[in-house]
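Chemist: Pasting run-v6.txt below, which is compact mmCIF, C-alpha atoms.
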```txt
# COMPACT_ATOMS: atom_id res chain seq x y z
CA MET O 1 94.56 136.08 101.42
CA PRO O 2 92.98 133.60 98.97
CA LEU O 3 95.44 132.01 96.59
CA TRP O 4 94.98 131.60 92.83
CA PRO O 5 96.00 129.22 91.52
CA VAL O 6 95.88 126.80 94.45
CA TYR O 7 96.99 124.01 92.12
CA THR O 8 99.93 125.28 90.08
CA GLY O 9 100.85 122.22 87.99
CA THR O 10 104.51 122.54 89.02
CA ASN O 11 104.55 119.15 90.80
CA GLU O 12 106.07 120.82 93.89
CA PRO O 13 104.11 119.79 97.02
CA HIS O 14 102.81 122.69 99.13
CA ASP O 15 100.03 123.56 101.57
CA GLY O 16 98.15 125.95 99.30
CA ILE O 17 94.89 124.11 99.98
CA ALA O 18 94.86 125.84 103.38
CA LYS O 19 94.50 129.19 101.56
CA LEU O 20 91.47 128.08 99.56
CA PRO O 21 88.74 130.72 100.12
CA PRO O 22 85.41 129.78 101.72
CA PRO O 23 83.00 128.00 99.39
CA PRO O 24 80.08 129.73 97.68
CA PRO O 25 77.09 129.88 100.04
CA TRP O 26 75.28 127.25 97.97
CA ARG O 27 78.24 124.83 98.30
CA ALA O 28 78.95 125.17 102.04
CA PHE O 29 78.85 121.98 104.12
CA ASP O 30 78.88 121.53 107.89
CA GLY O 31 79.39 117.84 108.56
CA GLY O 32 81.00 116.73 111.79
CA PRO O 33 82.65 115.83 114.01
CA VAL O 34 85.66 116.94 111.97
CA LEU O 35 88.05 114.13 111.09
CA PRO O 36 91.79 114.66 110.66
CA ALA O 37 92.97 114.22 107.08
CA PRO O 38 95.11 111.13 106.40
CA ASP O 39 98.83 111.75 106.57
CA ALA O 40 99.93 113.10 103.19
CA ALA O 41 103.24 111.32 103.64
CA ALA O 42 101.35 108.03 103.37
CA ASP O 43 100.42 108.80 99.78
CA ALA O 44 103.54 107.23 98.28
CA SER O 45 102.87 103.92 100.04
CA ALA O 46 99.14 103.98 99.27
CA VAL O 47 99.50 103.79 95.50
CA SER O 48 101.57 101.72 93.13
CA PRO O 49 105.00 102.97 91.98
CA ASP O 50 103.40 103.56 88.58
CA ARG O 51 100.89 106.02 90.01
CA THR O 52 103.54 107.72 92.14
CA HIS O 53 105.74 108.21 89.08
CA ARG O 54 102.85 109.57 87.00
CA ALA O 55 101.94 112.02 89.79
CA GLU O 56 105.52 113.28 89.97
CA THR O 57 105.93 113.67 86.21
CA TYR O 58 102.45 114.88 85.15
CA GLN O 59 102.65 117.77 82.69
CA ALA O 60 99.63 120.02 83.16
CA THR O 61 98.53 122.48 80.49
CA ARG O 62 97.44 126.03 81.32
CA GLU O 63 93.80 125.07 80.65
CA THR O 64 94.11 122.11 83.01
CA VAL O 65 95.49 124.30 85.81
CA GLN O 66 92.69 126.85 85.37
CA LEU O 67 89.85 124.32 85.40
CA VAL O 68 91.26 122.29 88.30
CA ASN O 69 91.31 125.50 90.33
CA ALA O 70 87.78 126.33 89.21
CA ALA O 71 86.59 122.94 90.52
CA LEU O 72 88.45 123.46 93.82
CA TYR O 73 87.07 126.98 94.33
CA LEU O 74 83.48 126.06 93.37
CA ARG O 75 83.52 122.72 95.22
CA ARG O 76 82.30 120.98 92.08
CA PRO O 77 83.31 117.64 90.50
CA LEU O 78 85.71 117.85 87.55
CA LEU O 79 84.61 115.83 84.52
CA VAL O 80 87.72 115.06 82.43
CA THR O 81 87.17 113.82 78.89
CA GLY O 82 89.55 113.03 76.08
CA PRO O 83 91.19 110.26 74.05
CA PRO O 84 92.95 107.35 75.78
CA GLY O 85 96.44 108.08 77.04
CA THR O 86 96.02 111.83 77.56
CA GLY O 87 96.51 111.63 81.35
CA LYS O 88 92.91 111.79 82.54
CA SER O 89 93.35 109.49 85.52
CA SER O 90 96.90 110.68 86.29
CA LEU O 91 95.62 114.22 86.87
CA VAL O 92 93.99 113.47 90.21
CA TYR O 93 97.19 111.86 91.53
CA ALA O 94 99.21 114.92 90.49
CA VAL O 95 96.77 117.30 92.21
CA ALA O 96 96.62 115.17 95.37
CA ARG O 97 100.42 115.04 95.55
CA GLU O 98 100.96 118.76 94.99
CA LEU O 99 98.22 119.84 97.43
CA ARG O 100 99.00 117.10 99.99
CA LEU O 101 95.47 115.71 99.99
CA GLY O 102 96.58 112.26 101.10
CA PRO O 103 96.00 108.92 99.37
CA VAL O 104 93.70 109.05 96.35
CA LEU O 105 90.43 107.16 96.71
CA ARG O 106 89.67 105.28 93.48
CA TRP O 107 86.39 103.89 92.17
CA ASN O 108 86.73 101.97 88.91
CA ILE O 109 83.40 101.97 87.07
CA THR O 110 82.00 99.01 85.15
CA SER O 111 78.62 98.41 83.52
CA ARG O 112 77.52 96.74 86.78
CA SER O 113 78.55 99.56 89.14
CA THR O 114 75.84 101.14 91.28
CA LEU O 115 75.77 104.13 93.61
CA HIS O 116 75.55 101.71 96.53
CA ASP O 117 78.94 100.20 95.54
CA GLY O 118 80.61 103.58 95.79
CA LEU O 119 79.04 104.50 99.12
CA TYR O 120 79.44 101.34 101.21
CA GLN O 121 79.42 97.55 101.18
CA TYR O 122 77.52 95.52 103.76
CA ASP O 123 77.88 91.75 104.13
CA PRO O 124 74.80 90.33 105.90
CA LEU O 125 75.98 86.72 105.51
CA SER O 126 79.18 87.31 107.49
CA ARG O 127 77.10 89.06 110.15
CA LEU O 128 74.74 86.09 110.34
CA TYR O 129 77.71 83.74 110.74
CA ALA O 130 79.15 85.94 113.49
CA ALA O 131 75.78 86.03 115.28
CA ARG O 132 75.61 82.22 115.29
CA GLN O 133 79.10 82.06 116.75
CA GLU O 134 78.15 84.58 119.42
CA ALA O 135 75.03 82.58 120.29
CA GLY O 136 77.15 79.49 120.91
CA ARG O 137 79.68 81.16 123.22
CA PRO O 138 79.43 80.12 126.89
CA ASP O 139 80.34 83.64 128.09
CA ARG O 140 77.62 85.28 125.98
CA ALA O 141 75.87 87.87 128.13
CA GLY O 142 72.97 88.51 125.81
CA GLY O 143 73.72 92.21 125.50
CA GLU O 144 72.67 94.49 122.70
CA GLU O 145 74.21 93.94 119.30
CA GLY O 146 77.56 95.60 118.80
CA THR O 147 78.19 95.90 122.57
CA ALA O 148 80.65 94.09 124.83
CA GLY O 149 79.78 90.77 126.40
CA THR O 150 80.96 89.51 129.76
CA GLU O 151 84.56 90.03 130.87
CA GLY O 152 85.01 92.70 128.17
CA THR O 153 84.51 90.36 125.22
CA GLU O 154 83.13 92.18 122.19
CA ASN O 155 80.04 91.12 120.30
CA ARG O 156 81.22 90.86 116.69
CA SER O 157 77.71 90.48 115.26
CA GLY O 158 77.09 94.25 115.24
CA ILE O 159 76.38 95.73 111.81
CA GLU O 160 79.42 98.03 111.94
CA HIS O 161 81.73 95.01 111.97
CA HIS O 162 80.42 93.86 108.59
CA LEU O 163 80.22 97.18 106.79
CA ARG O 164 82.94 99.14 104.99
CA LEU O 165 82.62 102.52 103.35
CA GLY O 166 83.38 102.68 99.63
CA PRO O 167 85.57 105.27 97.90
CA LEU O 168 82.74 107.79 97.41
CA GLY O 169 81.38 107.15 100.91
CA THR O 170 84.83 107.71 102.42
CA ALA O 171 85.46 110.89 100.40
CA LEU O 172 82.27 112.41 101.85
CA LEU O 173 83.30 111.89 105.48
CA PRO O 174 83.66 115.19 107.41
CA TYR O 175 87.40 115.62 106.88
CA GLY O 176 88.90 118.99 107.73
CA ARG O 177 90.47 119.24 104.26
CA PRO O 178 89.37 117.75 100.94
CA ARG O 179 90.05 114.15 100.01
CA ALA O 180 90.87 113.29 96.38
CA LEU O 181 88.50 110.86 94.65
CA LEU O 182 88.87 109.34 91.17
CA ILE O 183 85.69 107.96 89.57
CA ASP O 184 87.31 106.30 86.58
CA GLU O 185 85.56 105.72 83.23
CA ILE O 186 82.11 106.93 84.24
CA ASP O 187 81.00 106.50 80.62
CA LYS O 188 81.16 102.71 81.07
CA SER O 189 78.45 102.82 83.73
CA ASP O 190 74.81 101.87 83.53
CA LEU O 191 72.65 104.67 82.16
CA ASP O 192 71.24 105.41 85.63
CA LEU O 193 74.50 105.94 87.53
CA PRO O 194 75.21 109.58 86.51
CA ASN O 195 71.67 110.54 87.57
CA ASP O 196 72.04 108.56 90.81
CA LEU O 197 75.22 110.49 91.60
CA LEU O 198 73.50 113.86 91.19
CA ASN O 199 71.88 114.11 94.61
CA VAL O 200 74.85 112.73 96.56
CA LEU O 201 77.36 115.07 94.90
CA GLU O 202 74.97 118.02 95.14
CA GLU O 203 74.10 117.53 98.80
CA GLY O 204 77.47 116.16 99.93
CA GLN O 205 75.77 113.60 102.16
CA TYR O 206 74.11 110.18 102.28
CA GLU O 207 72.53 107.71 104.70
CA ILE O 208 73.34 104.11 105.52
CA PRO O 209 69.88 102.60 106.25
CA GLU O 210 71.32 99.60 108.11
CA LEU O 211 73.08 101.93 110.58
CA VAL O 212 70.08 104.26 110.85
CA ARG O 213 67.98 101.31 112.09
CA ALA O 214 70.73 99.96 114.35
CA SER O 215 71.36 103.39 115.95
CA ARG O 216 68.20 102.92 118.01
CA LEU O 217 69.95 100.15 119.93
CA THR O 218 73.02 102.14 120.98
CA PRO O 219 73.03 104.94 123.58
CA ASP O 220 74.77 107.57 121.43
CA GLY O 221 73.88 106.17 118.00
CA VAL O 222 77.53 106.22 116.87
CA ALA O 223 79.01 103.28 114.93
CA GLU O 224 82.70 102.81 114.19
CA VAL O 225 83.07 101.61 110.58
CA LEU O 226 85.99 100.87 108.30
CA ALA O 227 86.87 103.50 105.70
CA ASP O 228 88.04 102.68 102.19
CA GLY O 229 91.74 101.99 101.74
CA THR O 230 92.54 101.67 105.44
CA ASP O 231 92.06 99.40 108.45
CA GLU O 232 91.16 102.33 110.68
CA ARG O 233 87.60 102.94 111.85
CA VAL O 234 85.74 106.23 111.64
CA PRO O 235 82.64 107.33 113.58
CA VAL O 236 79.29 107.54 111.80
CA ALA O 237 76.51 109.12 113.88
CA ARG O 238 73.02 107.64 113.45
CA GLY O 239 73.88 106.28 110.03
CA ARG O 240 74.27 109.70 108.40
CA VAL O 241 77.40 111.00 106.66
CA ARG O 242 77.85 114.63 105.61
CA CYS O 243 81.05 116.16 104.32
CA ARG O 244 82.75 119.23 105.72
CA ALA O 245 85.35 119.94 103.03
CA PHE O 246 83.89 118.89 99.69
CA PRO O 247 86.27 116.37 98.09
CA PHE O 248 88.24 116.99 94.91
CA VAL O 249 86.30 114.62 92.64
CA VAL O 250 87.60 113.73 89.17
CA LEU O 251 85.34 111.76 86.84
CA THR O 252 87.00 110.49 83.67
CA SER O 253 85.34 109.68 80.38
CA ASN O 254 86.63 108.45 77.03
CA GLY O 255 83.70 110.11 75.29
CA GLU O 256 81.88 106.84 74.60
CA ARG O 257 78.51 108.33 75.61
CA GLU O 258 76.75 111.59 76.37
CA PHE O 259 75.66 112.60 79.86
CA PRO O 260 72.39 114.16 81.02
CA PRO O 261 72.35 117.99 81.02
CA ALA O 262 71.59 118.04 84.75
CA PHE O 263 74.75 116.01 85.40
CA LEU O 264 76.91 118.23 83.17
CA ARG O 265 75.52 121.37 84.82
CA ARG O 266 76.87 120.24 88.17
CA CYS O 267 80.38 119.53 86.87
CA VAL O 268 83.32 121.59 85.70
CA THR O 269 84.29 120.04 82.35
CA LEU O 270 87.86 119.69 81.09
CA HIS O 271 88.57 118.21 77.66
CA LEU O 272 92.12 116.95 77.20
CA ARG O 273 93.41 116.93 73.64
CA GLN O 274 96.27 115.05 72.09
CA PRO O 275 99.46 116.96 73.03
CA ASP O 276 101.41 118.90 70.39
CA ASP O 277 105.12 118.40 69.68
CA GLN O 278 106.30 120.75 72.43
CA HIS O 279 104.06 119.16 75.05
CA LEU O 280 105.12 115.67 73.94
CA ALA O 281 108.77 116.66 74.30
CA GLU O 282 108.04 117.87 77.85
CA ILE O 283 106.30 114.58 78.66
CA VAL O 284 109.23 112.55 77.31
CA ARG O 285 111.68 114.75 79.23
CA ALA O 286 109.76 114.28 82.50
CA HIS O 287 109.62 110.49 82.14
CA LEU O 288 112.82 109.56 80.31
CA GLY O 289 115.09 112.59 80.21
CA GLU O 290 116.04 114.85 77.33
CA PRO O 291 114.75 113.43 74.01
CA ASP O 292 117.53 112.52 71.59
CA ALA O 293 117.40 112.70 67.80
CA TYR O 294 115.66 109.33 67.40
CA ALA O 295 113.13 110.21 70.12
CA ARG O 296 112.26 113.39 68.25
CA THR O 297 111.84 111.35 65.08
CA LEU O 298 109.40 109.09 66.93
CA ILE O 299 107.54 112.15 68.24
CA GLU O 300 107.11 113.42 64.68
CA ARG O 301 105.94 110.00 63.52
CA PHE O 302 103.53 109.77 66.46
CA LEU O 303 102.01 113.17 65.63
CA SER O 304 101.60 112.35 61.95
CA ARG O 305 99.86 109.06 62.80
CA SER O 306 97.67 110.45 65.60
CA GLY O 307 95.99 112.77 63.09
CA VAL O 308 94.48 109.71 61.44
CA GLY O 309 93.60 107.38 64.31
CA ASP O 310 93.66 107.15 68.12
CA LEU O 311 97.07 106.75 69.74
CA ALA O 312 98.03 107.01 73.42
CA THR O 313 101.06 108.85 74.79
CA ASP O 314 102.04 105.63 76.60
CA GLN O 315 102.67 104.02 73.23
CA LEU O 316 105.18 106.72 72.32
CA LEU O 317 106.92 106.43 75.70
CA ASN O 318 107.16 102.65 75.29
CA ALA O 319 108.75 103.02 71.86
CA ILE O 320 111.30 105.60 73.06
CA TYR O 321 112.18 103.57 76.14
CA LEU O 322 112.87 100.44 74.10
CA ALA O 323 114.83 102.43 71.53
CA ARG O 324 117.14 103.52 74.34
CA SER O 325 117.29 100.18 76.12
CA ALA O 326 117.38 97.58 73.33
CA ASP O 327 120.53 96.93 71.30
CA LEU O 328 118.87 96.90 67.87
CA ASP O 329 119.80 98.28 64.49
CA ALA O 330 117.87 101.20 62.98
CA GLU O 331 115.67 99.04 60.75
CA SER O 332 114.67 96.77 63.65
CA LEU O 333 113.93 99.80 65.84
CA ASP O 334 111.66 101.28 63.18
CA ARG O 335 109.80 98.00 62.77
CA LEU O 336 109.43 97.66 66.56
CA ALA O 337 108.16 101.25 66.87
CA GLU O 338 105.47 100.54 64.27
CA GLN O 339 104.35 97.51 66.27
CA LEU O 340 104.29 99.46 69.54
CA MET O 341 102.16 102.28 68.14
CA PRO O 342 99.12 100.55 66.62
CA TYR O 343 95.86 102.46 66.36
CA LEU O 344 93.58 102.03 69.36
CA GLY O 345 90.39 102.54 67.36
CA GLN O 346 89.18 100.52 64.43
CA THR O 347 91.37 102.38 61.96
CA THR O 348 94.25 100.22 60.74
CA GLN O 349 97.35 100.88 58.72
CA SER O 350 95.73 99.32 55.67
CA ASP O 351 92.94 101.88 55.99
CA VAL O 352 95.48 104.71 56.01
CA PHE O 353 98.07 103.76 53.40
```
Spell out the structure here as structure tokens.
Modeler:
Amino acid sequence: MPLWPVYTGTNEPHDGIAKLPPPPPWRAFDGGPVLPAPDAAADASAVSPDRTHRAETYQATRETVQLVNAALYLRRPLLVTGPPGTGKSSLVYAVARELRLGPVLRWNITSRSTLHDGLYQYDPLSRLYAARQEAGRPDRAGGEEGTAGTEGTENRSGIEHHLRLGPLGTALLPYGRPRALLIDEIDKSDLDLPNDLLNVLEEGQYEIPELVRASRLTPDGVAEVLADGTDERVPVARGRVRCRAFPFVVLTSNGEREFPPAFLRRCVTLHLRQPDDQHLAEIVRAHLGEPDAYARTLIERFLSRSGVGDLATDQLLNAIYLARSADLDAESLDRLAEQLMPYLGQTTQSDVF
């Protein structure tokens, strides 16, 4: 029986992803050969302690749970927007942990990022250097590139030895269960990147031209290339990659720009708002334990200030943590809290008071 919701937001790991119903006919993919998913137990060692903690303590709202499940069922990317500090990037780690999707693949976007960066990186200069070394070896047999030389020595000048898949390219490998991919701060990209992503995310596949050309020189056309975030190699047949289980893709945006309608049409959109007092208390409880009287005072102050300018939940957590850890009098704590919760936008205290 299909399971709804697959992602529950309870932060309790389970194998509900196995009960995900088949995709809609227009979102079915048949890539192969099927690759085993990375060990979910490796997730804790694949990310920093900060990310592990945020995944374990993430407090999902009912709307978040519903739209995450919509993206999983429809095999569509999830575009998460909202102010800084509302947990946009933490969401994907929480989902990956609960559904045991393995280590999260992360692509941090800058104004210089291109689709090519996310798919794969190829270093022709290191290949040229390797080819010169091979040419100077006395045991060189003159075989085809990427094949073994005499006495079992391997020719390291093959293209596959100088190519590594990027986060997006790895997520689209034909894994038997979805990988989790974070495309962080997509609104910082060049204007063309969202449009460039359209075809890849719609078709669930891409080509590596360098491997397509090189496949003519190998009997089976299969190259073993490095995947993102690991030293293990995966097979790529004739330079073409097509997914089997569409990855759980989260794109985050701070709302600094608008996206093309065609891009938005292909995404499930979730807008995260600043949490209310009850949600803030739950966040504090998850991270730091039951909020005391002073913590609740800081929550009230945070809410009153966030109605005027942009504040991040991290700022509140920092203030509460120091209030509990530092041996300061009440006046010093108040002054420190004010300094730890400055506005993130251009609004300043002088503009408010």
Chemist: When you look at range 206-216 of chain O with a cut-off of 12 Å (counting only C-alpha atoms), what residues show up, excluding the ones that are within fewer than 5 positions of it in the same chain? I need them as an MDAnalysis selection string.
Modeler: chainID O and resid 31 115:116 118:124 144:147 157:166 168:174 196:201 221:225 235:243
Chemist: Go ahead and compute the interatomic distance for CA of Glu63 in chain O and CA of Gly87 in chain O, in Å to one decimal.
Modeler: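 About the pair CA of Glu63 in chain O and CA of Gly87 in chain O: they are 13.7 Å apart.
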Chemist: For a test of reading the model, state the distance in Å between CA of Leu264 in chain O and CA of Ala70 in chain O, rounded to one decimal.
Modeler: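 CA of Ala70 in chain O lies at a distance of 14.8 Å from CA of Leu264 in chain O.
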Chemist: Using all atoms listed in the file, which of the listed residues (O:His279, O:Tyr343, O:Leu298, O:Leu182) sits closest to Leu79 in chain O?
Modeler: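 The answer is O:Leu182, which sits nearest to Leu79 in chain O.
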Chemist: Could you tell me how far CA of Leu288 in chain O lies from CA of Arg335 in chain O, in Å and to one decimal?
Modeler: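 Distance between the two atoms: 21.2 Å.
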Chemist: When distances are computed from all atoms listed in the file, which of O:Leu217, O:Ala330, O:Leu336, O:Leu272 shows the smallest separation from Leu316 in chain O?
Modeler: O:Leu336
Chemist: Which residue, O:Ala262, O:Ile17, O:Ala312, O:Tyr321, has the smallest gap to Pro291 in chain O when you use only C-alpha atoms?
Modeler: O:Tyr321
Chemist: For Glu282 in chain O, which of O:Gly9, O:Asp30, O:Tyr58, O:Glu98 is the closest residue, counting only C-alpha atoms?
Modeler: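 Nearest candidate to Glu282 in chain O out of O:Gly9, O:Asp30, O:Tyr58, O:Glu98: O:Tyr58.
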Chemist: Smallest atom-to-atom distance to Glu202 in chain O: which of O:Pro84, O:Gly307, O:Pro247, O:Pro342, using all atoms listed in the file?
Modeler: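 The closest residue to Glu202 in chain O is O:Pro247.
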Chemist: Tell me, as a VMD selection string, which residues lie within 10 Å of Thr64 in chain O, counting all atoms listed in the file; anything in the same chain fewer than 2 positions away does not count.
Modeler: chain O and resid 7 to 9 59 to 62 66 to 70 80 91 270 to 272
Chemist: Can those selected residues be exported to a file as a PDB file, keeping the file's coordinate frame so that it contains C-alpha atoms?
Modeler:
```pdb
ATOM      1  CA  TYR O   7      96.990 124.010  92.120  1.00  0.00           C
ATOM      2  CA  THR O   8      99.930 125.280  90.080  1.00  0.00           C
ATOM      3  CA  GLY O   9     100.850 122.220  87.990  1.00  0.00           C
ATOM      4  CA  GLN O  59     102.650 117.770  82.690  1.00  0.00           C
ATOM      5  CA  ALA O  60      99.630 120.020  83.160  1.00  0.00           C
ATOM      6  CA  THR O  61      98.530 122.480  80.490  1.00  0.00           C
ATOM      7  CA  ARG O  62      97.440 126.030  81.320  1.00  0.00           C
ATOM      8  CA  GLN O  66      92.690 126.850  85.370  1.00  0.00           C
ATOM      9  CA  LEU O  67      89.850 124.320  85.400  1.00  0.00           C
ATOM     10  CA  VAL O  68      91.260 122.290  88.300  1.00  0.00           C
ATOM     11  CA  ASN O  69      91.310 125.500  90.330  1.00  0.00           C
ATOM     12  CA  ALA O  70      87.780 126.330  89.210  1.00  0.00           C
ATOM     13  CA  VAL O  80      87.720 115.060  82.430  1.00  0.00           C
ATOM     14  CA  LEU O  91      95.620 114.220  86.870  1.00  0.00           C
ATOM     15  CA  LEU O 270      87.860 119.690  81.090  1.00  0.00           C
ATOM     16  CA  HIS O 271      88.570 118.210  77.660  1.00  0.00           C
ATOM     17  CA  LEU O 272      92.120 116.950  77.200  1.00  0.00           C
TER      18      LEU O 272
END
```
Chemist: Ranking O:Phe302, O:Trp4, O:Trp26, O:Phe246 by minimum distance to Glu338 in chain O and counting all atoms listed in the file, which one comes first?
Modeler: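 Selected residue with least distance to Glu338 in chain O: O:Phe302.
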Chemist: Got a sec: who's within 7 Å of range 11-14 of chain O, counting only C-alpha atoms, leaving out chain neighbours fewer than 5 positions off, as a PyMOL selection string?
Modeler: chain O and resi 56+94+97-100
Chemist: Excluding Thr86 in chain O and residues on its chain fewer than 5 positions from it, collect all residues at most 9 Å away from it, counting all atoms listed in the file, and give them as an MDAnalysis selection string.
Modeler: chainID O and resid 272:275 312:314
Chemist: Some atoms are absent from range 305-313 of chain O, so rebuild all heavy atoms and return them as a short mmCIF file (atom, residue, chain, number, x, y, z; two decimals), in the coordinates of the input.
Modeler:
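Saved the output as result-v1.cif:
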```
data_model
loop_
_atom_site.label_atom_id
_atom_site.label_comp_id
_atom_site.auth_asym_id
_atom_site.auth_seq_id
_atom_site.Cartn_x
_atom_site.Cartn_y
_atom_site.Cartn_z
N ARG O 305 100.79 110.19 62.76
CA ARG O 305 99.86 109.06 62.80
C ARG O 305 98.62 109.37 63.63
O ARG O 305 97.53 108.91 63.33
CB ARG O 305 100.56 107.82 63.36
CG ARG O 305 101.61 107.25 62.42
CD ARG O 305 102.52 106.26 63.16
NE ARG O 305 101.77 105.17 63.76
CZ ARG O 305 101.40 104.07 63.12
NH1 ARG O 305 101.69 103.93 61.84
NH2 ARG O 305 100.74 103.12 63.73
N SER O 306 98.80 110.17 64.71
CA SER O 306 97.67 110.45 65.60
C SER O 306 96.62 111.32 64.92
O SER O 306 95.48 111.41 65.40
CB SER O 306 98.15 111.12 66.89
OG SER O 306 98.76 112.36 66.61
N GLY O 307 96.97 111.99 63.82
CA GLY O 307 95.99 112.77 63.09
C GLY O 307 95.01 111.91 62.32
O GLY O 307 94.00 112.41 61.84
N VAL O 308 95.32 110.61 62.21
CA VAL O 308 94.48 109.71 61.44
C VAL O 308 93.66 108.78 62.34
O VAL O 308 92.50 108.51 62.10
CB VAL O 308 95.34 108.88 60.46
CG1 VAL O 308 94.47 107.94 59.65
CG2 VAL O 308 96.14 109.81 59.57
N GLY O 309 94.28 108.30 63.40
CA GLY O 309 93.60 107.38 64.31
C GLY O 309 94.01 107.66 65.75
O GLY O 309 94.85 108.52 66.02
N ASP O 310 93.39 106.95 66.70
CA ASP O 310 93.66 107.15 68.12
C ASP O 310 94.95 106.48 68.53
O ASP O 310 95.15 105.27 68.31
CB ASP O 310 92.51 106.59 68.96
CG ASP O 310 91.26 107.45 68.86
OD1 ASP O 310 91.40 108.64 68.53
OD2 ASP O 310 90.16 106.93 69.13
N LEU O 311 95.84 107.25 69.14
CA LEU O 311 97.07 106.75 69.74
C LEU O 311 97.17 107.31 71.15
O LEU O 311 96.67 108.39 71.44
CB LEU O 311 98.30 107.17 68.92
CG LEU O 311 98.46 106.57 67.52
CD1 LEU O 311 99.63 107.22 66.80
CD2 LEU O 311 98.68 105.06 67.60
N ALA O 312 97.85 106.57 72.05
CA ALA O 312 98.03 107.01 73.42
C ALA O 312 99.49 107.39 73.65
O ALA O 312 100.40 106.78 73.08
CB ALA O 312 97.63 105.91 74.40
N THR O 313 99.70 108.40 74.50
CA THR O 313 101.06 108.85 74.79
C THR O 313 101.91 107.72 75.35
O THR O 313 103.12 107.67 75.11
CB THR O 313 101.01 110.01 75.80
OG1 THR O 313 100.09 111.01 75.32
CG2 THR O 313 102.37 110.64 75.98
#
```
